[in-house]
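K.L.:
I'm passing along data.cif; it holds mmCIF, C-alpha atoms and all ligand atoms.
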data_final
loop_
_atom_site.group_PDB
_atom_site.id
_atom_site.type_symbol
_atom_site.label_atom_id
_atom_site.label_comp_id
_atom_site.auth_asym_id
_atom_site.auth_seq_id
_atom_site.Cartn_x
_atom_site.Cartn_y
_atom_site.Cartn_z
ATOM 1 C CA LYS A 1 0.000 0.000 0.000
ATOM 2 C CA TYR A 2 2.806 2.440 0.829
ATOM 3 C CA ARG A 3 5.386 3.347 -1.787
ATOM 4 C CA CYS A 4 8.264 2.786 0.601
ATOM 5 C CA ARG A 5 8.950 1.732 4.140
ATOM 6 C CA SER A 6 9.721 5.296 5.237
ATOM 7 C CA ALA A 7 5.957 5.506 5.757
ATOM 8 C CA PHE A 8 6.300 3.565 8.982
ATOM 9 C CA LYS A 9 8.622 6.158 10.500
ATOM 10 C CA LEU A 10 6.032 8.886 10.094
ATOM 11 C CA LEU A 11 3.228 6.585 11.227
ATOM 12 C CA GLU A 12 5.238 5.758 14.325
ATOM 13 C CA ILE A 13 5.968 9.411 15.094
ATOM 14 C CA ASN A 14 2.306 10.206 14.607
ATOM 15 C CA GLU A 15 1.189 7.343 16.807
ATOM 16 C CA ARG A 16 3.306 8.655 19.662
ATOM 17 C CA PHE A 17 2.735 12.370 19.235
ATOM 18 C CA LYS A 18 -0.490 12.781 17.228
ATOM 19 C CA ILE A 19 0.830 15.483 14.909
ATOM 20 C CA LEU A 20 -1.398 14.846 11.874
ATOM 21 C CA ASN A 21 -5.135 15.354 12.201
ATOM 22 C CA PRO A 22 -8.043 15.869 9.805
ATOM 23 C CA GLY A 23 -8.175 19.388 8.387
ATOM 24 C CA LEU A 24 -4.519 20.296 8.836
ATOM 25 C CA THR A 25 -2.352 21.864 6.137
ATOM 26 C CA VAL A 26 0.961 20.084 5.591
ATOM 27 C CA VAL A 27 4.067 20.762 3.512
ATOM 28 C CA ASP A 28 6.100 17.595 2.856
ATOM 29 C CA CYS A 29 9.688 18.367 1.736
ATOM 30 C CA GLY A 30 11.755 15.669 0.049
ATOM 31 C CA ALA A 31 8.617 13.686 -0.568
ATOM 32 C CA ALA A 32 9.463 11.265 -3.402
ATOM 33 C CA PRO A 33 8.472 8.507 -3.941
ATOM 34 C CA GLY A 34 5.578 9.683 -1.793
ATOM 35 C CA SER A 35 4.963 7.419 1.175
ATOM 36 C CA TRP A 36 4.962 10.263 3.736
ATOM 37 C CA THR A 37 2.613 12.088 1.363
ATOM 38 C CA GLN A 38 0.319 9.065 1.403
ATOM 39 C CA VAL A 39 0.358 8.986 5.195
ATOM 40 C CA ALA A 40 -0.194 12.742 5.438
ATOM 41 C CA THR A 41 -3.104 12.808 2.975
ATOM 42 C CA ASN A 42 -4.828 9.972 4.838
ATOM 43 C CA LEU A 43 -4.324 11.420 8.301
ATOM 44 C CA THR A 44 -5.274 15.005 7.393
ATOM 45 C CA ASN A 45 -8.147 13.725 5.254
ATOM 46 C CA ALA A 46 -6.772 15.731 2.330
ATOM 47 C CA ASN A 47 -8.186 12.993 0.106
ATOM 48 C CA GLY A 48 -11.642 13.503 1.622
ATOM 49 C CA LYS A 49 -12.095 9.786 2.267
ATOM 50 C CA LYS A 50 -13.492 10.312 5.736
ATOM 51 C CA GLU A 51 -16.102 12.632 7.098
ATOM 52 C CA GLY A 52 -14.965 15.741 8.881
ATOM 53 C CA PRO A 53 -12.511 18.487 8.053
ATOM 54 C CA VAL A 54 -10.497 18.106 4.848
ATOM 55 C CA GLY A 55 -6.798 18.968 5.045
ATOM 56 C CA ARG A 56 -4.287 20.012 2.422
ATOM 57 C CA VAL A 57 -0.948 18.444 1.583
ATOM 58 C CA TYR A 58 1.783 19.971 -0.613
ATOM 59 C CA ALA A 59 4.608 17.581 -1.474
ATOM 60 C CA VAL A 60 7.909 18.688 -3.009
ATOM 61 C CA ASP A 61 10.894 16.794 -4.353
ATOM 62 C CA LYS A 62 13.742 17.507 -6.716
ATOM 63 C CA LEU A 63 12.924 14.200 -8.385
ATOM 64 C CA PRO A 64 9.750 13.623 -10.352
ATOM 65 C CA PHE A 65 7.183 11.410 -8.638
ATOM 66 C CA TYR A 66 3.731 10.032 -9.237
ATOM 67 C CA PRO A 67 0.659 11.890 -8.039
ATOM 68 C CA VAL A 68 -0.838 11.046 -4.683
ATOM 69 C CA GLU A 69 -4.620 11.356 -4.529
ATOM 70 C CA GLY A 70 -5.606 14.434 -2.575
ATOM 71 C CA ALA A 71 -2.122 15.952 -2.471
ATOM 72 C CA THR A 72 -0.559 18.692 -4.576
ATOM 73 C CA VAL A 73 2.615 17.078 -5.858
ATOM 74 C CA LEU A 74 5.499 19.247 -7.044
ATOM 75 C CA GLY A 75 8.107 17.050 -8.684
ATOM 76 C CA ASN A 76 11.348 18.181 -10.322
ATOM 77 C CA MET A 77 11.596 21.039 -7.857
ATOM 78 C CA ASP A 78 14.666 21.611 -5.725
ATOM 79 C CA PHE A 79 13.473 22.843 -2.369
ATOM 80 C CA THR A 80 16.554 25.005 -1.864
ATOM 81 C CA ASN A 81 15.713 26.932 -5.029
ATOM 82 C CA ILE A 82 13.889 30.161 -4.254
ATOM 83 C CA LYS A 83 11.515 29.483 -7.151
ATOM 84 C CA THR A 84 10.235 26.347 -5.442
ATOM 85 C CA GLN A 85 9.474 28.238 -2.266
ATOM 86 C CA GLU A 86 7.785 30.991 -4.272
ATOM 87 C CA THR A 87 5.629 28.366 -5.970
ATOM 88 C CA LEU A 88 4.612 26.971 -2.599
ATOM 89 C CA ASN A 89 3.837 30.453 -1.316
ATOM 90 C CA LYS A 90 1.611 31.092 -4.309
ATOM 91 C CA LEU A 91 -0.272 27.841 -3.799
ATOM 92 C CA LEU A 92 -0.786 28.634 -0.127
ATOM 93 C CA GLN A 93 -2.235 32.043 -1.010
ATOM 94 C CA GLY A 94 -1.158 33.477 2.308
ATOM 95 C CA ASP A 95 -2.607 30.637 4.386
ATOM 96 C CA LYS A 96 -0.289 29.405 7.096
ATOM 97 C CA VAL A 97 0.733 25.805 7.558
ATOM 98 C CA ASP A 98 0.142 23.489 10.532
ATOM 99 C CA VAL A 99 2.866 20.935 9.892
ATOM 100 C CA VAL A 100 6.130 21.077 7.930
ATOM 101 C CA LEU A 101 7.768 17.714 7.308
ATOM 102 C CA SER A 102 11.252 17.239 5.916
ATOM 103 C CA ASP A 103 12.561 13.790 5.103
ATOM 104 C CA MET A 104 14.991 15.408 2.639
ATOM 105 C CA ALA A 105 18.327 13.685 2.297
ATOM 106 C CA PRO A 106 21.242 14.337 -0.052
ATOM 107 C CA ASN A 107 22.843 11.580 -2.071
ATOM 108 C CA ALA A 108 25.210 9.965 0.411
ATOM 109 C CA SER A 109 28.915 10.218 -0.414
ATOM 110 C CA GLY A 110 29.820 7.725 2.283
ATOM 111 C CA ILE A 111 32.001 10.306 3.999
ATOM 112 C CA ARG A 112 30.176 10.943 7.225
ATOM 113 C CA GLU A 113 31.193 14.544 7.816
ATOM 114 C CA ILE A 114 30.285 15.571 4.266
ATOM 115 C CA ASP A 115 26.943 13.782 4.361
ATOM 116 C CA HIS A 116 26.189 15.314 7.741
ATOM 117 C CA ASP A 117 27.016 18.826 6.497
ATOM 118 C CA ASN A 118 24.888 18.353 3.387
ATOM 119 C CA ILE A 119 21.822 17.115 5.230
ATOM 120 C CA MET A 120 22.171 19.953 7.747
ATOM 121 C CA LEU A 121 21.993 22.453 4.876
ATOM 122 C CA LEU A 122 18.714 20.861 3.807
ATOM 123 C CA ALA A 123 17.442 20.837 7.385
ATOM 124 C CA TYR A 124 18.213 24.537 7.783
ATOM 125 C CA ALA A 125 16.534 25.317 4.447
ATOM 126 C CA ALA A 126 13.421 23.499 5.661
ATOM 127 C CA LEU A 127 13.560 25.305 9.008
ATOM 128 C CA ARG A 128 13.921 28.746 7.415
ATOM 129 C CA PHE A 129 10.939 28.055 5.217
ATOM 130 C CA ALA A 130 8.909 26.590 8.089
ATOM 131 C CA LEU A 131 9.458 29.756 10.113
ATOM 132 C CA GLN A 132 8.062 31.871 7.271
ATOM 133 C CA ILE A 133 4.987 29.834 6.453
ATOM 134 C CA SER A 134 3.915 28.262 9.749
ATOM 135 C CA LYS A 135 1.075 29.137 12.067
ATOM 136 C CA ALA A 136 1.823 29.757 15.699
ATOM 137 C CA GLN A 137 1.641 26.449 17.625
ATOM 138 C CA SER A 138 2.545 24.498 14.482
ATOM 139 C CA THR A 139 4.796 21.457 14.181
ATOM 140 C CA PHE A 140 8.065 20.812 12.339
ATOM 141 C CA VAL A 141 9.528 17.349 11.762
ATOM 142 C CA VAL A 142 12.972 17.088 10.188
ATOM 143 C CA LYS A 143 15.384 14.255 9.487
ATOM 144 C CA ILE A 144 19.089 14.650 10.044
ATOM 145 C CA TRP A 145 22.077 12.334 9.992
ATOM 146 C CA ASP A 146 23.949 12.485 13.254
ATOM 147 C CA GLY A 147 27.066 14.600 13.519
ATOM 148 C CA GLY A 148 28.689 17.646 15.016
ATOM 149 C CA LYS A 149 26.100 20.210 13.947
ATOM 150 C CA MET A 150 23.226 18.363 15.564
ATOM 151 C CA GLN A 151 23.372 19.992 18.986
ATOM 152 C CA GLN A 152 23.485 23.530 17.638
ATOM 153 C CA PHE A 153 20.541 22.710 15.394
ATOM 154 C CA GLU A 154 18.557 21.517 18.390
ATOM 155 C CA GLN A 155 19.429 24.744 20.208
ATOM 156 C CA ASN A 156 18.237 26.751 17.216
ATOM 157 C CA LEU A 157 14.968 24.819 17.102
ATOM 158 C CA LEU A 158 14.408 25.672 20.765
ATOM 159 C CA LYS A 159 14.569 29.369 19.940
ATOM 160 C CA PHE A 160 11.472 28.996 17.806
ATOM 161 C CA TYR A 161 9.571 26.012 19.196
ATOM 162 C CA SER A 162 8.483 25.446 22.794
ATOM 163 C CA SER A 163 9.083 21.718 22.662
ATOM 164 C CA VAL A 164 11.859 19.883 20.813
ATOM 165 C CA ARG A 165 12.720 16.246 20.996
ATOM 166 C CA ALA A 166 15.015 13.869 19.150
ATOM 167 C CA ILE A 167 13.366 10.664 17.973
ATOM 168 C CA ARG A 168 14.767 7.479 16.538
ATOM 169 C CA PRO A 169 11.814 5.540 15.171
ATOM 170 C CA ASP A 170 11.932 1.758 15.521
ATOM 171 C CA ALA A 171 11.302 1.648 11.783
ATOM 172 C CA THR A 172 14.751 3.174 11.273
ATOM 173 C CA ARG A 173 17.275 0.465 10.535
ATOM 174 C CA ASP A 174 19.699 -0.217 13.405
ATOM 175 C CA GLU A 175 22.841 0.711 11.535
ATOM 176 C CA SER A 176 21.391 4.024 10.446
ATOM 177 C CA THR A 177 22.497 7.177 12.183
ATOM 178 C CA GLU A 178 19.390 9.148 11.403
ATOM 179 C CA THR A 179 17.488 11.174 13.948
ATOM 180 C CA PHE A 180 14.206 13.006 13.569
ATOM 181 C CA PHE A 181 13.715 16.215 15.429
ATOM 182 C CA LEU A 182 10.133 16.838 16.389
ATOM 183 C CA ALA A 183 9.659 20.537 17.134
ATOM 184 C CA ARG A 184 6.240 21.491 18.437
ATOM 185 C CA ARG A 185 4.379 24.638 19.411
ATOM 186 C CA PHE A 186 5.997 27.187 17.107
ATOM 187 C CA LYS A 187 6.281 30.429 19.018
ATOM 188 C CA GLY A 188 5.622 32.534 15.910
ATOM 189 C CA LEU A 189 7.904 35.212 14.543
ATOM 190 C CA LYS A 190 7.934 38.539 16.272
ATOM 191 C CA THR A 191 7.140 41.145 13.651
ATOM 192 C CA SER A 192 8.408 44.610 14.455
HETATM 193 N N1 LIG B 1 9.646 10.721 2.660
HETATM 194 C C1 LIG B 1 9.808 10.048 1.376
HETATM 195 C C2 LIG B 1 8.806 8.953 1.301
HETATM 196 O O1 LIG B 1 8.323 8.529 2.353
HETATM 197 O O2 LIG B 1 8.480 8.491 0.195
HETATM 198 C C3 LIG B 1 11.228 9.541 1.207
HETATM 199 C C4 LIG B 1 12.224 10.657 1.066
HETATM 200 S S1 LIG B 1 13.860 10.181 0.637
HETATM 201 C C5 LIG B 1 14.451 9.500 2.130
HETATM 202 C C6 LIG B 1 14.708 11.711 0.522
HETATM 203 C C7 LIG B 1 14.271 12.579 -0.630
HETATM 204 O O3 LIG B 1 14.847 13.899 -0.483
HETATM 205 C C8 LIG B 1 14.717 12.076 -1.990
HETATM 206 O O4 LIG B 1 13.585 11.768 -2.770
HETATM 207 C C9 LIG B 1 15.498 13.252 -2.583
HETATM 208 O O5 LIG B 1 15.279 13.437 -3.963
HETATM 209 C C10 LIG B 1 14.944 14.420 -1.784
HETATM 210 N N2 LIG B 1 15.776 15.620 -1.828
HETATM 211 C C11 LIG B 1 17.096 15.730 -1.584
HETATM 212 N N3 LIG B 1 17.510 16.988 -1.771
HETATM 213 C C12 LIG B 1 16.419 17.718 -2.113
HETATM 214 C C13 LIG B 1 16.200 19.079 -2.450
HETATM 215 N N4 LIG B 1 17.207 19.956 -2.472
HETATM 216 N N5 LIG B 1 14.957 19.484 -2.773
HETATM 217 C C14 LIG B 1 13.935 18.593 -2.779
HETATM 218 N N6 LIG B 1 14.081 17.284 -2.471
HETATM 219 C C15 LIG B 1 15.305 16.843 -2.145
#
Please express the file's structure as structure tokens.

P.N.:
Amino acid sequence: KYRCRSAFKLLEINERFKILNPGLTVVDCGAAPGSWTQVATNLTNANGKKEGPVGRVYAVDKLPFYPVEGATVLGNMDFTNIKTQETLNKLLQGDKVDVVLSDMAPNASGIREIDHDNIMLLAYAALRFALQISKAQSTFVVKIWDGGKMQQFEQNLLKFYSSVRAIRPDATRDESTETFFLARRFKGLKTS
């Protein structure tokens, strides 16, 4: 049913922390082949399969990927490109987002420090965007590969979110060094 086993990581995070509910608006970064998008459209009811509020899901990847029913799928779009973020902003029409997900990962070089640095750049790009488009009290979930910049990242998340925790889903393979940060209750940006 799911396009890849990554789905179970998001399902597990959701089971523990209930982050995806009917009616919510979600941006899914690094979404191909689309299993998190499938999970998000079901849980937010973006596909309208259940009664109750209908959510919205926008899924972005630099690779092309097949449509997911109920989601707006943006393939061939590099998230770090300003044009991609402008496209998302246009689609949102000024509406703010409840949940930003980033499962983005660079192609691994096998050199740990390089891979860590590269995924941190993606994580910061997702965070910067999340800060601009999120509602107060919203949620941000981001994958990183462990390394030296992890602690500072967590500190930065705490500046903007009231609650931050590091999660290693059981669905993550043992040998993997990936961690998901779950940042909840966005404090909102002070506008002066
Ligand atoms: N969450 C997805 C799912 O459940 O189907 C799996 C995501 S996979 C682990 C990581 C994805 O990040 C890849 O599809 C890759 O193309 C994407 N990615 C890496 N760099 C990106 C970028 N700059 N912009 C958009 N997507 C990117």

K.L.:
For the structure provided, state which residues fall under the PyMOL selection byres (((chain A and resi 23-36) around 7) and not hetatm), and present them as an MDAnalysis selection string.

P.N.:
chainID A and resid 2:4 6:7 10 20:22 37:40 44:45 53:61 63 65 97:104

K.L.:
If you measure from atom CA of A:Glu178 to atom CA of A:Ser138, what distance in Å do you get, rounded to one decimal?

P.N.:
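For atom CA of A:Glu178 relative to atom CA of A:Ser138, the distance reads 23.0 Å.
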
K.L.:
For the provided coordinates, the residues matched by the PyMOL selection byres (((chain A and resi 124) around 12) and not hetatm) should be stated as a compact mmCIF listing (two decimals) with C-alpha atoms, in the frame of the given file.

P.N.:
# COMPACT_ATOMS: atom_id res chain seq x y z
CA PHE A 79 13.47 22.84 -2.37
CA THR A 80 16.55 25.00 -1.86
CA SER A 102 11.25 17.24 5.92
CA MET A 104 14.99 15.41 2.64
CA ASP A 117 27.02 18.83 6.50
CA ASN A 118 24.89 18.35 3.39
CA ILE A 119 21.82 17.11 5.23
CA MET A 120 22.17 19.95 7.75
CA LEU A 121 21.99 22.45 4.88
CA LEU A 122 18.71 20.86 3.81
CA ALA A 123 17.44 20.84 7.38
CA ALA A 125 16.53 25.32 4.45
CA ALA A 126 13.42 23.50 5.66
CA LEU A 127 13.56 25.30 9.01
CA ARG A 128 13.92 28.75 7.42
CA PHE A 129 10.94 28.06 5.22
CA ALA A 130 8.91 26.59 8.09
CA LEU A 131 9.46 29.76 10.11
CA PHE A 140 8.06 20.81 12.34
CA VAL A 141 9.53 17.35 11.76
CA VAL A 142 12.97 17.09 10.19
CA LYS A 143 15.38 14.26 9.49
CA ILE A 144 19.09 14.65 10.04
CA LYS A 149 26.10 20.21 13.95
CA MET A 150 23.23 18.36 15.56
CA GLN A 152 23.48 23.53 17.64
CA PHE A 153 20.54 22.71 15.39
CA GLU A 154 18.56 21.52 18.39
CA ASN A 156 18.24 26.75 17.22
CA LEU A 157 14.97 24.82 17.10

K.L.:
Edge lengths and centre in Å to one decimal, as lines of an AutoDock Vina configuration file, is what I'm after for the box along x, y and z that holds all listed atoms of stretch 38-49 of chain A once 3 Å is added on each side.

P.N.:
center_x = -5.9
center_y = 12.4
center_z = 4.2
size_x = 18.5
size_y = 12.7
size_z = 14.2

K.L.:
Within 8 Å of A:Arg165, counting only C-alpha atoms, which residues qualify if same-chain residues fewer than 3 places away don't, as number ranges by chain?

P.N.:
A: 181-183

K.L.:
Which of these, A:Glu86, A:Asp78, A:Asp95, A:Asp146, has the shortest distance to ligand LIG 1 (chain B) once you count all atoms listed in the file?

P.N.:
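Of all the options, A:Asp78 lies closest to ligand LIG 1 (chain B).
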
K.L.:
Here is a test: counting only C-alpha atoms, which residue of A:His116, A:Leu11, A:Gly70, A:Lys62 is nearest to A:Lys49?

P.N.:
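Smallest distance to A:Lys49 is found for A:Gly70.
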
K.L.:
Choose the residue, out of A:Thr139, A:Thr84, A:Asn89, A:Thr41, that has the smallest atom-to-atom separation from A:Thr72; count only C-alpha atoms.

P.N.:
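Going through A:Thr139, A:Thr84, A:Asn89, A:Thr41 one by one, the smallest distance to A:Thr72 is for A:Thr41.
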